[in-house]
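Below is one structure; the comments refer to it alone.
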Protein chains: 2
Amino acid sequence: MKYISATARKSGRPRTFDAETALDKAMKVFWEKGYEGSSLPELTEAMGMNRPSLYAVFGNKENLFRMALERYAASHDPLFNAALAQPTARAVVEYFLRGNADAQTESENPHGCLVINGALACSDDALPIRDTLIERRAASEGKLRARLERAKADGDLPADSCSGQMARYVMTVSNGMAVQAAAGATRKQLQEVVDQVLRGWPS
Amino acid sequence: MKYISATARKSGRPRTFDAETALDKAMKVFWEKGYEGSSLPELTEAMGMNRPSLYAVFGNKENLFRMALERYAASHDPLFNAALAQPTARAVVEYFLRGNADAQTESENPHGCLVINGALACSDDALPIRDTLIERRAASEGKLRARLERAKADGDLPADSCSGQMARYVMTVSNGMAVQAAAGATRKQLQEVVDQVLRGWPS
DNA sequence: TGAGTTTTTTACTGATCGGTTCATAATGAG
DNA sequence: CTCATTATGAACCGATCAGTAAAAAACTCA
């Protein structure tokens, strides 16, 4: 997904904003207030640009959200991939959940997870957004499941364990941590939740 | 919280609706679409009443939501209390989470949990609602913590275990299950998540 | 300087939001 | 039959929603 007015502009009045940092600001507004809870005045205010410029560069509110979501994913995928690259299933889960606990409680960002805060229960208008977020979570769960399946083959998970159930369990904890974080839970509290998960983890 | 126009009416034109069932309908709309995602036309349509009647009986949208929330709590508290009354910590947790898995995937109700779907990330207008929901969840967590504390004294939890951390862990799983349910997870899938929790539970 | 290009600013659109006004309809009581 | 009471339906309120039109402003290049 590309900006509508690209950066390679020949001439004309210079922009008073940087598209990249403006998108970053929009991402944070959506992150904190969700898709429907974020109004255009709030977005343009945070992004430091006026409404026609927003529409010229980002299309419309829905497209802006999708671009913000891409940006969010791009900055969080490395952590997820690093988790998947850990040598054992236990290490994968610990890396994933501890990374989540940290990412969901950064002082410079809204707490919680954009992929959940964006739209959980919403009006009919926002259903396409909600469904996109659901798909993204399902995709992550699928990757985690595949990784745990491999762990079974590697022998660091019991042969009779169900990777699909375990992946869903881990994702459920991650989702719950996002809810807790959005409600004000501290980083320490979330890490303690991870402690409990690891205490019960097989092997 | 009481209906504004009580049921003991002396005379006048009879109502075309029953306040109790209308509130039930409103609860389901809020449950499915959240506080902000539910519009007054949707609410009045579902409740089978017109707008002035809604305002006469329920005050305003926020008050209607709070009454719907009370109703929701009244119908779900018995399950929670029954869980707390189980003889062992393990039984408490199992009863609580299995009950949640069922309650969040009833065919006749929206999936997920009103106390989470109601308002997770929202506009500034809905912050009082969001905070009320956060308090409710914290209250439940507190009761669960107290119950696990007693379990430690009873000896069915290790003496060195932290009831606060375990309670938050269980609540986090419950919250995560609500997110999963809202996203379309089946009852069986949620019960499998509970299986994973119990597999790792001490004792 | 002047033409062409792009963004800014301001004001606007139609739709919808939560909430209300008011005349009318339907009842029970006297 | 009349009157007080209560609920109904429809129309309305100001505010806000997402999205746009149009003209002025600021730049490059000739």
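Ligands are numbered from 1 in the order shown, chains are lettered A, B, ... in the order of the structure tokens, and residues start at 1 in each chain.
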
Can you write out as CSV which residues of chain D fall within 8 Å of chain B, alongside each residue's closest atom pair and its distance in Å to one decimal, counting only C-alpha atoms (C1' of nucleotides) and ordering rows by chain and ascending residue number?
residue,atom,partner,partner_atom,distance
D:DT5,C1',B:Gly12,CA,4.7
D:DT6,C1',B:Gly12,CA,4.0
D:DA7,C1',B:Arg13,CA,5.3
D:DT8,C1',B:Asn50,CA,8.0

> In region 56-191 of chain B, what's alpha helix (DSSP H) per DSSP? Answer as a VMD selection string?
Replying inline: chain B and resid 56 to 58 61 to 84 89 to 103 114 to 117 127 to 154 163 to 182 187 to 191

>> Select, as a PyMOL selection string, those residues of chain A with any atom no more than 9 Å from chain B (distances computed using only C-alpha atoms).
In response: chain A and resi 30-39+116-126+130-131+134+165-166+168-180+182-184+189-190+192-202

>> Based on only C-alpha atoms (C1' of nucleotides), which of the residues in chain C come within 12 Å of chain B? I want them as a PyMOL selection string.
In response: chain C and resi 16-22+24-29

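Here CA of Ala26 (chain A) stands at a distance of 6.8 Å from CA of Ala46 (chain A).
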
If you count only C-alpha atoms (C1' of nucleotides), which residues fall within 9 Å of region 84-92 of chain A, apart from same-chain ones fewer than 6 positions away, as a PDB file with all heavy atoms, in the first residue's frame?
ATOM      1  N   LYS A 143       0.652 -19.437  12.150  1.00  0.00           N
ATOM      2  CA  LYS A 143       2.119 -19.542  12.123  1.00  0.00           C
ATOM      3  C   LYS A 143       2.642 -20.173  13.406  1.00  0.00           C
ATOM      4  O   LYS A 143       3.568 -20.989  13.391  1.00  0.00           O
ATOM      5  CB  LYS A 143       2.750 -18.162  11.932  1.00  0.00           C
ATOM      6  CG  LYS A 143       2.596 -17.596  10.525  1.00  0.00           C
ATOM      7  CD  LYS A 143       3.324 -16.257  10.404  1.00  0.00           C
ATOM      8  CE  LYS A 143       3.019 -15.583   9.071  1.00  0.00           C
ATOM      9  NZ  LYS A 143       3.647 -14.241   8.985  1.00  0.00           N
ATOM     10  N   LEU A 144       2.029 -19.743  14.511  1.00  0.00           N
ATOM     11  CA  LEU A 144       2.464 -20.310  15.793  1.00  0.00           C
ATOM     12  C   LEU A 144       2.154 -21.808  15.846  1.00  0.00           C
ATOM     13  O   LEU A 144       2.981 -22.607  16.313  1.00  0.00           O
ATOM     14  CB  LEU A 144       1.743 -19.575  16.934  1.00  0.00           C
ATOM     15  CG  LEU A 144       2.131 -19.980  18.358  1.00  0.00           C
ATOM     16  CD1 LEU A 144       3.628 -19.809  18.584  1.00  0.00           C
ATOM     17  CD2 LEU A 144       1.342 -19.160  19.371  1.00  0.00           C
ATOM     18  N   ARG A 147       4.682 -23.680  13.931  1.00  0.00           N
ATOM     19  CA  ARG A 147       5.953 -23.751  14.651  1.00  0.00           C
ATOM     20  C   ARG A 147       5.901 -24.806  15.751  1.00  0.00           C
ATOM     21  O   ARG A 147       6.880 -25.542  15.975  1.00  0.00           O
ATOM     22  CB  ARG A 147       6.290 -22.375  15.248  1.00  0.00           C
ATOM     23  CG  ARG A 147       7.562 -22.352  16.085  1.00  0.00           C
ATOM     24  CD  ARG A 147       8.779 -22.668  15.243  1.00  0.00           C
ATOM     25  NE  ARG A 147      10.001 -22.772  16.046  1.00  0.00           N
ATOM     26  CZ  ARG A 147      10.382 -23.856  16.689  1.00  0.00           C
ATOM     27  NH1 ARG A 147       9.614 -24.945  16.650  1.00  0.00           N
ATOM     28  NH2 ARG A 147      11.516 -23.867  17.378  1.00  0.00           N
ATOM     29  N   LEU A 148       4.787 -24.904  16.443  1.00  0.00           N
ATOM     30  CA  LEU A 148       4.660 -25.899  17.518  1.00  0.00           C
ATOM     31  C   LEU A 148       4.564 -27.303  16.931  1.00  0.00           C
ATOM     32  O   LEU A 148       5.014 -28.279  17.553  1.00  0.00           O
ATOM     33  CB  LEU A 148       3.440 -25.584  18.387  1.00  0.00           C
ATOM     34  CG  LEU A 148       3.507 -24.250  19.153  1.00  0.00           C
ATOM     35  CD1 LEU A 148       2.294 -24.095  20.068  1.00  0.00           C
ATOM     36  CD2 LEU A 148       4.797 -24.131  19.956  1.00  0.00           C
ATOM     37  N   ARG A 150       6.187 -28.243  14.352  1.00  0.00           N
ATOM     38  CA  ARG A 150       7.590 -28.588  14.088  1.00  0.00           C
ATOM     39  C   ARG A 150       8.282 -28.989  15.383  1.00  0.00           C
ATOM     40  O   ARG A 150       9.120 -29.902  15.404  1.00  0.00           O
ATOM     41  CB  ARG A 150       8.310 -27.381  13.473  1.00  0.00           C
ATOM     42  CG  ARG A 150       9.332 -27.757  12.409  1.00  0.00           C
ATOM     43  CD  ARG A 150      10.136 -26.546  11.985  1.00  0.00           C
ATOM     44  NE  ARG A 150      11.081 -26.111  13.014  1.00  0.00           N
ATOM     45  CZ  ARG A 150      11.562 -24.882  13.124  1.00  0.00           C
ATOM     46  NH1 ARG A 150      11.147 -23.942  12.294  1.00  0.00           N
ATOM     47  NH2 ARG A 150      12.431 -24.585  14.073  1.00  0.00           N
ATOM     48  N   ALA A 151       7.897 -28.281  16.459  1.00  0.00           N
ATOM     49  CA  ALA A 151       8.509 -28.598  17.759  1.00  0.00           C
ATOM     50  C   ALA A 151       8.196 -30.028  18.166  1.00  0.00           C
ATOM     51  O   ALA A 151       9.033 -30.706  18.784  1.00  0.00           O
ATOM     52  CB  ALA A 151       8.008 -27.626  18.818  1.00  0.00           C
ATOM     53  N   LYS A 152       7.021 -30.481  17.812  1.00  0.00           N
ATOM     54  CA  LYS A 152       6.653 -31.860  18.129  1.00  0.00           C
ATOM     55  C   LYS A 152       7.584 -32.819  17.377  1.00  0.00           C
ATOM     56  O   LYS A 152       8.082 -33.800  17.947  1.00  0.00           O
ATOM     57  CB  LYS A 152       5.204 -32.114  17.732  1.00  0.00           C
ATOM     58  CG  LYS A 152       4.340 -32.574  18.878  1.00  0.00           C
ATOM     59  CD  LYS A 152       2.865 -32.515  18.566  1.00  0.00           C
ATOM     60  CE  LYS A 152       2.444 -33.316  17.366  1.00  0.00           C
ATOM     61  NZ  LYS A 152       0.984 -33.241  17.128  1.00  0.00           N
ATOM     62  N   ASP A 154      10.505 -32.072  16.377  1.00  0.00           N
ATOM     63  CA  ASP A 154      11.842 -31.905  16.969  1.00  0.00           C
ATOM     64  C   ASP A 154      11.960 -32.625  18.301  1.00  0.00           C
ATOM     65  O   ASP A 154      13.064 -32.839  18.800  1.00  0.00           O
ATOM     66  CB  ASP A 154      12.147 -30.412  17.203  1.00  0.00           C
ATOM     67  CG  ASP A 154      12.309 -29.648  15.908  1.00  0.00           C
ATOM     68  OD1 ASP A 154      12.354 -30.302  14.840  1.00  0.00           O
ATOM     69  OD2 ASP A 154      12.372 -28.410  15.961  1.00  0.00           O
ATOM     70  N   ASP A 156      10.782 -31.514  21.215  1.00  0.00           N
ATOM     71  CA  ASP A 156      10.724 -30.693  22.428  1.00  0.00           C
ATOM     72  C   ASP A 156       9.286 -30.386  22.839  1.00  0.00           C
ATOM     73  O   ASP A 156       9.047 -29.574  23.727  1.00  0.00           O
ATOM     74  CB  ASP A 156      11.585 -29.424  22.309  1.00  0.00           C
ATOM     75  CG  ASP A 156      11.101 -28.478  21.247  1.00  0.00           C
ATOM     76  OD1 ASP A 156      11.416 -28.703  20.068  1.00  0.00           O
ATOM     77  OD2 ASP A 156      10.400 -27.505  21.597  1.00  0.00           O
ATOM     78  N   LEU A 157       8.351 -31.052  22.204  1.00  0.00           N
ATOM     79  CA  LEU A 157       6.974 -31.100  22.711  1.00  0.00           C
ATOM     80  C   LEU A 157       6.539 -32.568  22.695  1.00  0.00           C
ATOM     81  O   LEU A 157       6.907 -33.309  21.774  1.00  0.00           O
ATOM     82  CB  LEU A 157       6.033 -30.276  21.822  1.00  0.00           C
ATOM     83  CG  LEU A 157       5.838 -28.801  22.147  1.00  0.00           C
ATOM     84  CD1 LEU A 157       4.755 -28.208  21.264  1.00  0.00           C
ATOM     85  CD2 LEU A 157       5.516 -28.582  23.618  1.00  0.00           C
ATOM     86  N   LEU A 198       4.322 -20.095  31.781  1.00  0.00           N
ATOM     87  CA  LEU A 198       5.538 -20.912  31.635  1.00  0.00           C
ATOM     88  C   LEU A 198       5.626 -21.965  32.732  1.00  0.00           C
ATOM     89  O   LEU A 198       6.166 -23.051  32.519  1.00  0.00           O
ATOM     90  CB  LEU A 198       6.776 -20.010  31.654  1.00  0.00           C
ATOM     91  CG  LEU A 198       6.863 -19.070  30.450  1.00  0.00           C
ATOM     92  CD1 LEU A 198       8.042 -18.115  30.607  1.00  0.00           C
ATOM     93  CD2 LEU A 198       6.977 -19.868  29.148  1.00  0.00           C
ATOM     94  N   TRP A 201       3.812 -24.797  31.444  1.00  0.00           N
ATOM     95  CA  TRP A 201       4.155 -25.278  30.100  1.00  0.00           C
ATOM     96  C   TRP A 201       4.868 -26.627  30.161  1.00  0.00           C
ATOM     97  O   TRP A 201       5.773 -26.803  30.969  1.00  0.00           O
ATOM     98  CB  TRP A 201       5.042 -24.258  29.397  1.00  0.00           C
ATOM     99  CG  TRP A 201       5.201 -24.563  27.937  1.00  0.00           C
ATOM    100  CD1 TRP A 201       6.258 -25.167  27.330  1.00  0.00           C
ATOM    101  CD2 TRP A 201       4.263 -24.274  26.893  1.00  0.00           C
ATOM    102  NE1 TRP A 201       6.052 -25.275  25.980  1.00  0.00           N
ATOM    103  CE2 TRP A 201       4.823 -24.732  25.679  1.00  0.00           C
ATOM    104  CE3 TRP A 201       2.988 -23.680  26.876  1.00  0.00           C
ATOM    105  CZ2 TRP A 201       4.175 -24.620  24.451  1.00  0.00           C
ATOM    106  CZ3 TRP A 201       2.347 -23.562  25.659  1.00  0.00           C
ATOM    107  CH2 TRP A 201       2.946 -24.033  24.452  1.00  0.00           C
ATOM    108  N   PRO A 202       4.491 -27.587  29.309  1.00  0.00           N
ATOM    109  CA  PRO A 202       5.146 -28.891  29.309  1.00  0.00           C
ATOM    110  C   PRO A 202       6.597 -28.768  28.873  1.00  0.00           C
ATOM    111  O   PRO A 202       6.892 -28.003  27.968  1.00  0.00           O
ATOM    112  CB  PRO A 202       4.326 -29.692  28.291  1.00  0.00           C
ATOM    113  CG  PRO A 202       3.706 -28.677  27.409  1.00  0.00           C
ATOM    114  CD  PRO A 202       3.434 -27.507  28.284  1.00  0.00           C
ATOM    115  N   SER A 203       7.470 -29.542  29.491  1.00  0.00           N
ATOM    116  CA  SER A 203       8.911 -29.529  29.247  1.00  0.00           C
ATOM    117  C   SER A 203       9.557 -28.251  29.738  1.00  0.00           C
ATOM    118  O   SER A 203       8.891 -27.275  30.020  1.00  0.00           O
ATOM    119  CB  SER A 203       9.250 -29.714  27.771  1.00  0.00           C
ATOM    120  OG  SER A 203       9.077 -28.502  27.078  1.00  0.00           O
TER     121      SER A 203
END

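Taking CA of Thr21 (chain A) and CA of Ala68 (chain A) as the two end points, the separation is 10.8 Å.
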